[in-house]
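Undergrad: My questions will all concern the structure given below.
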Amino acid sequence: MAEAAFEHDAVHVVHATGHGAEGAYEAPLFGAYSKKIGMWLFLASDSLTFGALLFAFSYNRIYTNPWPTPFHAESIANATIMTACLLSSSLTMVLAVLASQRGDRPWTRNWLLATMVFGTAFIVLHGMEWSKLIGEGLSIPGFMTLLGVAKPAATGELADISKNVPQFPQAFFGLTAMHMLHVTIGVIYLGVVAFRKWFLPVLAVIWIAGALLIPSGNVFHYPVHALGIGLLIAAVIVLLKPKVYDSHDVEVCGLYWHFVDLVWMFIFPLVYLMSTKVT
Amino acid sequence: MHDIAKHDENKAQFFWVWGALLILTAIEVVLGYKQVFSPVRMLEVLLLLSVIKSALIIGYFMHLKFERALMRWVLVISVTACFVIMYFFFFPDADRIINLGVK
């Protein structure tokens with residue numbers, strides 16, 4: 001099927017004139033249009049970033065004996081629901097790509113919206129879990145002071161872990177923060193592809209609501225402004241280069257989203273399941 | 001009509017893959033929570049299950065299974081090389097540190 005599509009598009013290249021001819025591309029080595037190859041190359045580089053973080057986590061995990069196991073049943077249940085959300089979002093993303101390939105714009109938008117809902121649910125659940133862990137004493141001291149987080153609990157299991165095994169919170173927050181940032185960027189990316197300039201006011205409202213409603217002692221009080229940076233970048237892209245996003249754009253967006261899900265397939269077992277506390 | 005039928009076949013395939021991913025996740029959770037294996041064996045089993053899940057996502061959801069063979073092999077070989085480096089070079093070094101007696 002890929003070969004037939006390649007032959008068809010090679011013929012299309014011969015007849016295409018000028019820039020902007022939809023689906024036209026130069027005869028490629030990998031048999032795919034350049035946007036897709038570009039995204040795959042980016043994902044390969046991003047996988048090295050996460051690979052380095054996972055190596056560091058695993059290295060710490062092996063040589064630190066004993067490694068803390070603080071995740072009780074509630075944390076594991078929460079992380080399992082988060083995993084189910086991401087897996088379901090991958091399914092809806094694939095359905096969005098199929099809809100865009102058959103030219104069904106309303107259903108493309110619907111499935112993209114469903115993907116965004118699952119992604120947002122993941123971020124909210126993860127944020128709530130972070131707040132709970134930090135409130136119970138799991139922290140990186142200097143970093144929490146920098147973010148203006150209210151002083152976490154000084155005693156308790158998680159406070160002891162922060163004091164005696166600082167590699168645990170450092171590795172945990174480092175890995176999950178990087179992943180959460182990628183999911184957030186992914187949701188904004190999906191919003192731009194699905195709704196174009198109409199997504200900008202929605203993003204602005206969410207950013208302002210977050211900035212006003214998240215209390216000052218919470219770890220997300222300042223990081224919520226990442227949404228403002230996302231809004232600025234999305235506005236530059238959407239307003240300076242307005243276009244109707246076609247099936248290629250939706251497919252490339254899907255590649256990024258599936259990558260984000262893929263990384264979580266490694267983070268969930270290595271970070272959560274290897275640190276469960278069985279009581 | 002032929003195209004729509006083809007899309008419906010594809011759709012069913014993706015639902016099967018999604019189901020398989022959820023089942024594999026459930027297996028991981030049960031193994032992790034019940035602490036069925038020793039830590040090292042647990043890590044190996046969970047990594048194996050994660051690799052299987054990743055292969056399903058990369059192959060079906062990211063559509064790499066249906067791309068050109070050259071693209072498939074370039075990506076798979078580069079990612080595999082990273083795993084090899086991790087497993088055979090970094091982990092033995094981490095293991096060595098335990099025996100140094102560093103506190």
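We label chains A, B, ... in the order they appear in the structure tokens, count residues from 1 in each chain, and number ligands from 1 in the order shown.
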Mind running chain B against chain A at 8 Å and telling me each contacting residue's nearest atom pair with the distance in Å (one decimal), counting only C-alpha atoms, chain and number ascending, as JSON lines?

TA:
```
{"residue": "B:His7", "atom": "CA", "partner": "A:Leu98", "partner_atom": "CA", "distance": 7.1}
{"residue": "B:Lys11", "atom": "CA", "partner": "A:Leu95", "partner_atom": "CA", "distance": 7.2}
{"residue": "B:Phe14", "atom": "CA", "partner": "A:Leu91", "partner_atom": "CA", "distance": 6.9}
{"residue": "B:Phe15", "atom": "CA", "partner": "A:Leu91", "partner_atom": "CA", "distance": 7.2}
{"residue": "B:Trp18", "atom": "CA", "partner": "A:Leu91", "partner_atom": "CA", "distance": 6.5}
{"residue": "B:Leu21", "atom": "CA", "partner": "A:Leu87", "partner_atom": "CA", "distance": 7.4}
{"residue": "B:Leu22", "atom": "CA", "partner": "A:Ala84", "partner_atom": "CA", "distance": 6.9}
{"residue": "B:Thr25", "atom": "CA", "partner": "A:Thr80", "partner_atom": "CA", "distance": 7.9}
{"residue": "B:Glu28", "atom": "CA", "partner": "A:Pro269", "partner_atom": "CA", "distance": 7.3}
{"residue": "B:Val29", "atom": "CA", "partner": "A:Leu273", "partner_atom": "CA", "distance": 6.8}
{"residue": "B:Gly32", "atom": "CA", "partner": "A:Leu273", "partner_atom": "CA", "distance": 5.0}
{"residue": "B:Tyr33", "atom": "CA", "partner": "A:Thr276", "partner_atom": "CA", "distance": 6.4}
{"residue": "B:Lys34", "atom": "CA", "partner": "A:Val278", "partner_atom": "CA", "distance": 7.3}
{"residue": "B:Gln35", "atom": "CA", "partner": "A:Val278", "partner_atom": "CA", "distance": 7.7}
{"residue": "B:Pro39", "atom": "CA", "partner": "A:Met274", "partner_atom": "CA", "distance": 7.6}
{"residue": "B:Met42", "atom": "CA", "partner": "A:Met274", "partner_atom": "CA", "distance": 7.7}
{"residue": "B:Leu43", "atom": "CA", "partner": "A:Met274", "partner_atom": "CA", "distance": 7.2}
{"residue": "B:Leu46", "atom": "CA", "partner": "A:Pro269", "partner_atom": "CA", "distance": 6.2}
{"residue": "B:Leu47", "atom": "CA", "partner": "A:Phe266", "partner_atom": "CA", "distance": 7.4}
{"residue": "B:Ser50", "atom": "CA", "partner": "A:Met265", "partner_atom": "CA", "distance": 5.8}
{"residue": "B:Lys53", "atom": "CA", "partner": "A:Met265", "partner_atom": "CA", "distance": 7.1}
{"residue": "B:Ser54", "atom": "CA", "partner": "A:Leu262", "partner_atom": "CA", "distance": 5.8}
{"residue": "B:Ile57", "atom": "CA", "partner": "A:Leu262", "partner_atom": "CA", "distance": 6.9}
{"residue": "B:Ile58", "atom": "CA", "partner": "A:His258", "partner_atom": "CA", "distance": 7.8}
{"residue": "B:Phe61", "atom": "CA", "partner": "A:Val94", "partner_atom": "CA", "distance": 6.2}
{"residue": "B:Met62", "atom": "CA", "partner": "A:Leu255", "partner_atom": "CA", "distance": 5.7}
{"residue": "B:Phe66", "atom": "CA", "partner": "A:Ala2", "partner_atom": "CA", "distance": 6.3}
{"residue": "B:Glu67", "atom": "CA", "partner": "A:Ala2", "partner_atom": "CA", "distance": 5.9}
{"residue": "B:Arg68", "atom": "CA", "partner": "A:Gly31", "partner_atom": "CA", "distance": 6.1}
{"residue": "B:Leu70", "atom": "CA", "partner": "A:Phe30", "partner_atom": "CA", "distance": 6.3}
{"residue": "B:Met71", "atom": "CA", "partner": "A:Phe30", "partner_atom": "CA", "distance": 5.3}
{"residue": "B:Leu75", "atom": "CA", "partner": "A:Ala44", "partner_atom": "CA", "distance": 7.5}
{"residue": "B:Val79", "atom": "CA", "partner": "A:Ala44", "partner_atom": "CA", "distance": 7.8}
{"residue": "B:Cys82", "atom": "CA", "partner": "A:Gly51", "partner_atom": "CA", "distance": 7.8}
{"residue": "B:Met86", "atom": "CA", "partner": "A:Phe55", "partner_atom": "CA", "distance": 6.6}
{"residue": "B:Phe90", "atom": "CA", "partner": "A:Tyr59", "partner_atom": "CA", "distance": 7.0}
{"residue": "B:Phe91", "atom": "CA", "partner": "A:Tyr59", "partner_atom": "CA", "distance": 6.3}
{"residue": "B:Ala94", "atom": "CA", "partner": "A:Tyr63", "partner_atom": "CA", "distance": 5.1}
{"residue": "B:Asp95", "atom": "CA", "partner": "A:Tyr63", "partner_atom": "CA", "distance": 5.9}
{"residue": "B:Arg96", "atom": "CA", "partner": "A:Tyr63", "partner_atom": "CA", "distance": 7.9}
{"residue": "B:Ile97", "atom": "CA", "partner": "A:Tyr63", "partner_atom": "CA", "distance": 6.0}
{"residue": "B:Ile98", "atom": "CA", "partner": "A:Tyr63", "partner_atom": "CA", "distance": 5.3}
```

Undergrad: Write out the residues from the selection above, keeping N, CA and C atoms, as a short mmCIF file (atom, residue, chain, number, x, y, z; two decimals), in the first residue's frame.

TA:
```
data_model
loop_
_atom_site.label_atom_id
_atom_site.label_comp_id
_atom_site.auth_asym_id
_atom_site.auth_seq_id
_atom_site.Cartn_x
_atom_site.Cartn_y
_atom_site.Cartn_z
N HIS B 7 -11.19 1.28 5.26
CA HIS B 7 -11.06 2.06 6.47
C HIS B 7 -11.67 1.33 7.65
N LYS B 11 -9.95 0.27 11.07
CA LYS B 11 -10.48 0.71 12.36
C LYS B 11 -10.54 -0.46 13.33
N PHE B 14 -7.20 -1.32 14.83
CA PHE B 14 -6.74 -0.40 15.88
C PHE B 14 -7.44 -0.67 17.20
N PHE B 15 -8.71 -1.05 17.15
CA PHE B 15 -9.40 -1.39 18.40
C PHE B 15 -8.80 -2.64 19.04
N TRP B 18 -5.58 -1.56 20.66
CA TRP B 18 -5.89 -0.82 21.89
C TRP B 18 -6.24 -1.80 23.02
N LEU B 21 -3.16 -3.51 24.27
CA LEU B 21 -2.36 -2.61 25.11
C LEU B 21 -2.94 -2.51 26.52
N LEU B 22 -4.27 -2.43 26.63
CA LEU B 22 -4.90 -2.35 27.95
C LEU B 22 -4.67 -3.65 28.74
N THR B 25 -1.13 -3.75 29.96
CA THR B 25 -1.00 -2.83 31.10
C THR B 25 -1.55 -3.47 32.36
N GLU B 28 0.91 -5.92 33.69
CA GLU B 28 2.02 -5.22 34.35
C GLU B 28 1.63 -4.78 35.76
N VAL B 29 0.42 -4.22 35.89
CA VAL B 29 -0.03 -3.72 37.19
C VAL B 29 -0.15 -4.87 38.19
N GLY B 32 3.33 -6.03 39.12
CA GLY B 32 4.02 -5.04 39.95
C GLY B 32 3.45 -4.97 41.35
N TYR B 33 2.12 -5.03 41.43
CA TYR B 33 1.48 -4.87 42.74
C TYR B 33 1.62 -6.13 43.58
N LYS B 34 1.54 -7.30 42.94
CA LYS B 34 1.66 -8.55 43.70
C LYS B 34 3.12 -8.89 44.00
N GLN B 35 4.06 -8.15 43.39
CA GLN B 35 5.51 -8.40 43.59
C GLN B 35 5.81 -9.88 43.34
N PRO B 39 13.23 -8.28 42.36
CA PRO B 39 13.35 -6.98 41.68
C PRO B 39 14.03 -7.03 40.31
N MET B 42 11.76 -8.79 37.94
CA MET B 42 10.61 -7.91 37.72
C MET B 42 10.95 -6.84 36.68
N LEU B 43 12.16 -6.25 36.84
CA LEU B 43 12.59 -5.23 35.89
C LEU B 43 12.67 -5.80 34.48
N LEU B 46 9.05 -6.42 33.17
CA LEU B 46 8.35 -5.16 32.86
C LEU B 46 8.94 -4.50 31.61
N LEU B 47 10.26 -4.56 31.48
CA LEU B 47 10.90 -3.98 30.29
C LEU B 47 10.46 -4.73 29.04
N SER B 50 7.03 -3.71 28.22
CA SER B 50 7.05 -2.33 27.68
C SER B 50 7.52 -2.32 26.24
N LYS B 53 4.65 -3.48 24.10
CA LYS B 53 3.65 -2.40 23.95
C LYS B 53 4.16 -1.33 22.99
N SER B 54 5.45 -0.99 23.13
CA SER B 54 6.02 0.02 22.24
C SER B 54 5.98 -0.44 20.79
N ILE B 57 2.53 0.06 19.46
CA ILE B 57 2.22 1.47 19.21
C ILE B 57 2.97 1.97 17.98
N ILE B 58 4.29 1.65 17.91
CA ILE B 58 5.09 2.12 16.77
C ILE B 58 4.61 1.46 15.47
N PHE B 61 -0.15 2.10 15.53
CA PHE B 61 -0.64 3.48 15.69
C PHE B 61 0.22 4.47 14.92
N MET B 62 1.55 4.31 14.96
CA MET B 62 2.43 5.22 14.23
C MET B 62 2.64 4.76 12.78
N PHE B 66 3.71 -0.22 8.00
CA PHE B 66 3.28 -0.11 6.61
C PHE B 66 4.15 0.86 5.82
N GLU B 67 5.21 1.37 6.46
CA GLU B 67 6.11 2.26 5.75
C GLU B 67 7.15 1.45 4.99
N ARG B 68 7.99 2.18 4.24
CA ARG B 68 9.04 1.52 3.47
C ARG B 68 10.02 0.82 4.41
N LEU B 70 13.24 0.49 4.37
CA LEU B 70 14.46 1.24 4.71
C LEU B 70 14.21 2.16 5.91
N MET B 71 13.07 2.85 5.88
CA MET B 71 12.73 3.76 6.99
C MET B 71 12.55 2.98 8.27
N LEU B 75 15.14 3.38 11.69
CA LEU B 75 14.63 3.79 13.01
C LEU B 75 14.80 2.67 14.05
N VAL B 79 17.22 2.87 17.52
CA VAL B 79 16.64 2.75 18.87
C VAL B 79 17.19 1.52 19.59
N CYS B 82 20.54 2.13 21.09
CA CYS B 82 20.48 2.85 22.36
C CYS B 82 20.19 1.89 23.51
N MET B 86 22.57 0.98 26.79
CA MET B 86 22.07 1.08 28.16
C MET B 86 22.30 -0.23 28.90
N PHE B 90 25.94 0.69 30.75
CA PHE B 90 25.61 1.47 31.92
C PHE B 90 25.22 0.61 33.12
N PHE B 91 24.40 -0.41 32.90
CA PHE B 91 23.90 -1.19 34.03
C PHE B 91 25.00 -1.96 34.77
N ALA B 94 26.60 0.48 37.05
CA ALA B 94 25.78 0.78 38.23
C ALA B 94 25.89 -0.36 39.23
N ASP B 95 25.91 -1.57 38.76
CA ASP B 95 26.03 -2.74 39.61
C ASP B 95 27.38 -2.75 40.34
N ARG B 96 28.42 -2.31 39.64
CA ARG B 96 29.76 -2.27 40.22
C ARG B 96 29.80 -1.32 41.41
N ILE B 97 29.07 -0.23 41.33
CA ILE B 97 29.10 0.78 42.39
C ILE B 97 28.59 0.22 43.71
N ILE B 98 27.61 -0.69 43.64
CA ILE B 98 27.08 -1.28 44.88
C ILE B 98 28.20 -1.97 45.63
#
```

Undergrad: Mind checking which residues fall within 8 Å of Thr120 of chain A, counting only C-alpha atoms, ignoring those fewer than 3 positions away in the same chain, and posting them as a list in words?

TA: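 Counting only C-alpha atoms, the residues come to Met116, Val117, Ile123, Val124, Thr184 and Val187 of chain A.
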
Undergrad: Could you check the closest approach to Phe83 of chain B for each of B:Trp16, B:Ser38, B:Val30, B:Leu48 and tell me which residue wins, using only C-alpha atoms?

TA: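 The closest residue to Phe83 of chain B is B:Leu48.
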
Undergrad: If you count only C-alpha atoms, which residues fall within 12 Å of Gly103 of chain A, apart from same-chain ones fewer than 2 positions away, as JSON, numbers by chain?

TA: {"A": [96, 97, 98, 99, 100, 101, 105, 106, 107, 108, 109, 245, 246, 247, 248, 250], "B": [3, 4]}

Undergrad: Pick out each residue of segment 57-141 of chain A that DSSP on the backbone tags as alpha helix (DSSP H); I need them as a PyMOL selection string.

TA: chain A and resi 57-63+73-101+105-135+141

Undergrad: For the selection you just gave me, I'd like the residues written to a file as a PDB file, in the first residue's frame, keeping C-alpha atoms.

TA:
```
ATOM      1  CA  PHE A  57      16.815   6.905  36.586  1.00  0.00           C
ATOM      2  CA  SER A  58      17.688   3.241  36.035  1.00  0.00           C
ATOM      3  CA  TYR A  59      21.352   3.833  36.949  1.00  0.00           C
ATOM      4  CA  ASN A  60      20.299   5.499  40.220  1.00  0.00           C
ATOM      5  CA  ARG A  61      17.757   2.760  40.833  1.00  0.00           C
ATOM      6  CA  ILE A  62      20.346   0.012  40.529  1.00  0.00           C
ATOM      7  CA  TYR A  63      23.170   1.458  42.598  1.00  0.00           C
ATOM      8  CA  ALA A  73      -2.349   1.393  46.092  1.00  0.00           C
ATOM      9  CA  GLU A  74      -3.893   4.855  45.516  1.00  0.00           C
ATOM     10  CA  SER A  75      -0.842   6.084  43.569  1.00  0.00           C
ATOM     11  CA  ILE A  76      -0.738   2.921  41.466  1.00  0.00           C
ATOM     12  CA  ALA A  77      -4.489   3.143  40.789  1.00  0.00           C
ATOM     13  CA  ASN A  78      -4.110   6.796  39.777  1.00  0.00           C
ATOM     14  CA  ALA A  79      -1.147   5.994  37.498  1.00  0.00           C
ATOM     15  CA  THR A  80      -3.094   3.089  35.937  1.00  0.00           C
ATOM     16  CA  ILE A  81      -6.028   5.397  35.128  1.00  0.00           C
ATOM     17  CA  MET A  82      -3.545   7.877  33.634  1.00  0.00           C
ATOM     18  CA  THR A  83      -2.101   5.077  31.469  1.00  0.00           C
ATOM     19  CA  ALA A  84      -5.600   4.080  30.313  1.00  0.00           C
ATOM     20  CA  CYS A  85      -6.287   7.752  29.424  1.00  0.00           C
ATOM     21  CA  LEU A  86      -3.153   7.952  27.277  1.00  0.00           C
ATOM     22  CA  LEU A  87      -3.810   4.625  25.551  1.00  0.00           C
ATOM     23  CA  SER A  88      -7.379   5.697  24.766  1.00  0.00           C
ATOM     24  CA  SER A  89      -6.071   9.024  23.477  1.00  0.00           C
ATOM     25  CA  SER A  90      -3.809   7.138  21.062  1.00  0.00           C
ATOM     26  CA  LEU A  91      -6.855   5.258  19.752  1.00  0.00           C
ATOM     27  CA  THR A  92      -8.850   8.455  19.238  1.00  0.00           C
ATOM     28  CA  MET A  93      -5.815  10.021  17.536  1.00  0.00           C
ATOM     29  CA  VAL A  94      -5.653   7.137  15.065  1.00  0.00           C
ATOM     30  CA  LEU A  95      -9.381   7.513  14.401  1.00  0.00           C
ATOM     31  CA  ALA A  96      -8.812  11.231  13.756  1.00  0.00           C
ATOM     32  CA  VAL A  97      -6.113  10.393  11.200  1.00  0.00           C
ATOM     33  CA  LEU A  98      -8.461   7.915   9.462  1.00  0.00           C
ATOM     34  CA  ALA A  99     -11.224  10.544   9.379  1.00  0.00           C
ATOM     35  CA  SER A 100      -8.874  13.149   7.896  1.00  0.00           C
ATOM     36  CA  GLN A 101      -7.705  10.683   5.235  1.00  0.00           C
ATOM     37  CA  ARG A 105     -13.555  17.308   8.658  1.00  0.00           C
ATOM     38  CA  PRO A 106     -16.242  17.252  11.409  1.00  0.00           C
ATOM     39  CA  TRP A 107     -15.192  13.805  12.646  1.00  0.00           C
ATOM     40  CA  THR A 108     -11.502  14.692  12.369  1.00  0.00           C
ATOM     41  CA  ARG A 109     -12.217  17.585  14.708  1.00  0.00           C
ATOM     42  CA  ASN A 110     -14.333  15.404  17.026  1.00  0.00           C
ATOM     43  CA  TRP A 111     -11.683  12.723  17.383  1.00  0.00           C
ATOM     44  CA  LEU A 112      -8.955  15.341  17.873  1.00  0.00           C
ATOM     45  CA  LEU A 113     -11.087  16.923  20.602  1.00  0.00           C
ATOM     46  CA  ALA A 114     -11.528  13.502  22.253  1.00  0.00           C
ATOM     47  CA  THR A 115      -7.729  13.073  22.165  1.00  0.00           C
ATOM     48  CA  MET A 116      -7.323  16.483  23.799  1.00  0.00           C
ATOM     49  CA  VAL A 117      -9.825  15.561  26.518  1.00  0.00           C
ATOM     50  CA  PHE A 118      -7.925  12.384  27.384  1.00  0.00           C
ATOM     51  CA  GLY A 119      -4.617  14.265  27.318  1.00  0.00           C
ATOM     52  CA  THR A 120      -5.987  16.984  29.605  1.00  0.00           C
ATOM     53  CA  ALA A 121      -7.360  14.336  31.976  1.00  0.00           C
ATOM     54  CA  PHE A 122      -3.864  12.851  32.136  1.00  0.00           C
ATOM     55  CA  ILE A 123      -2.317  16.234  32.963  1.00  0.00           C
ATOM     56  CA  VAL A 124      -4.923  17.033  35.646  1.00  0.00           C
ATOM     57  CA  LEU A 125      -4.551  13.604  37.324  1.00  0.00           C
ATOM     58  CA  HIS A 126      -0.770  13.883  37.207  1.00  0.00           C
ATOM     59  CA  GLY A 127      -0.866  17.403  38.632  1.00  0.00           C
ATOM     60  CA  MET A 128      -3.118  16.279  41.470  1.00  0.00           C
ATOM     61  CA  GLU A 129      -0.757  13.425  42.255  1.00  0.00           C
ATOM     62  CA  TRP A 130       2.248  15.740  42.259  1.00  0.00           C
ATOM     63  CA  SER A 131       0.494  18.124  44.661  1.00  0.00           C
ATOM     64  CA  LYS A 132      -0.393  15.223  46.964  1.00  0.00           C
ATOM     65  CA  LEU A 133       3.163  13.813  46.994  1.00  0.00           C
ATOM     66  CA  ILE A 134       4.697  17.253  47.588  1.00  0.00           C
ATOM     67  CA  GLY A 135       2.209  17.978  50.374  1.00  0.00           C
ATOM     68  CA  PRO A 141      14.492  21.457  48.512  1.00  0.00           C
TER      69      PRO A 141
END
```

Undergrad: May I ask for the distance between atom CA of Val260 of chain A and atom CA of Met180 of chain A, given in Å to one decimal place?

TA: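 So the two atoms, atom CA of Val260 of chain A and atom CA of Met180 of chain A, lie 9.2 Å apart.
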
Undergrad: Return the single residue from A:Ala177, A:Lys241, A:Ile233, A:Cys253 that is closest to Phe220 of chain A, with distances computed using only C-alpha atoms.

TA: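 Of A:Ala177, A:Lys241, A:Ile233, A:Cys253, the one nearest Phe220 of chain A is A:Ala177, counting only C-alpha atoms.
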
Undergrad: Distance atom CA of Leu200 of chain A-atom CA of Val238 of chain A, one decimal place?

TA: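 Taking atom CA of Leu200 of chain A as the start and atom CA of Val238 of chain A as the end point, the length is 8.9 Å.
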
Undergrad: What separation in Å, quoted to one decimal, exists between atom CA of His221 of chain A and atom CA of Tyr189 of chain A?

TA: 22.6 Å

Undergrad: Using only C-alpha atoms, determine which residues lie at most 9 Å from Ala211 of chain A, disregarding the query and same-chain residues fewer than 3 positions distant; provide the list as a ChimeraX atom specification.

TA: /A:206-208,214-215,220-222,224-225
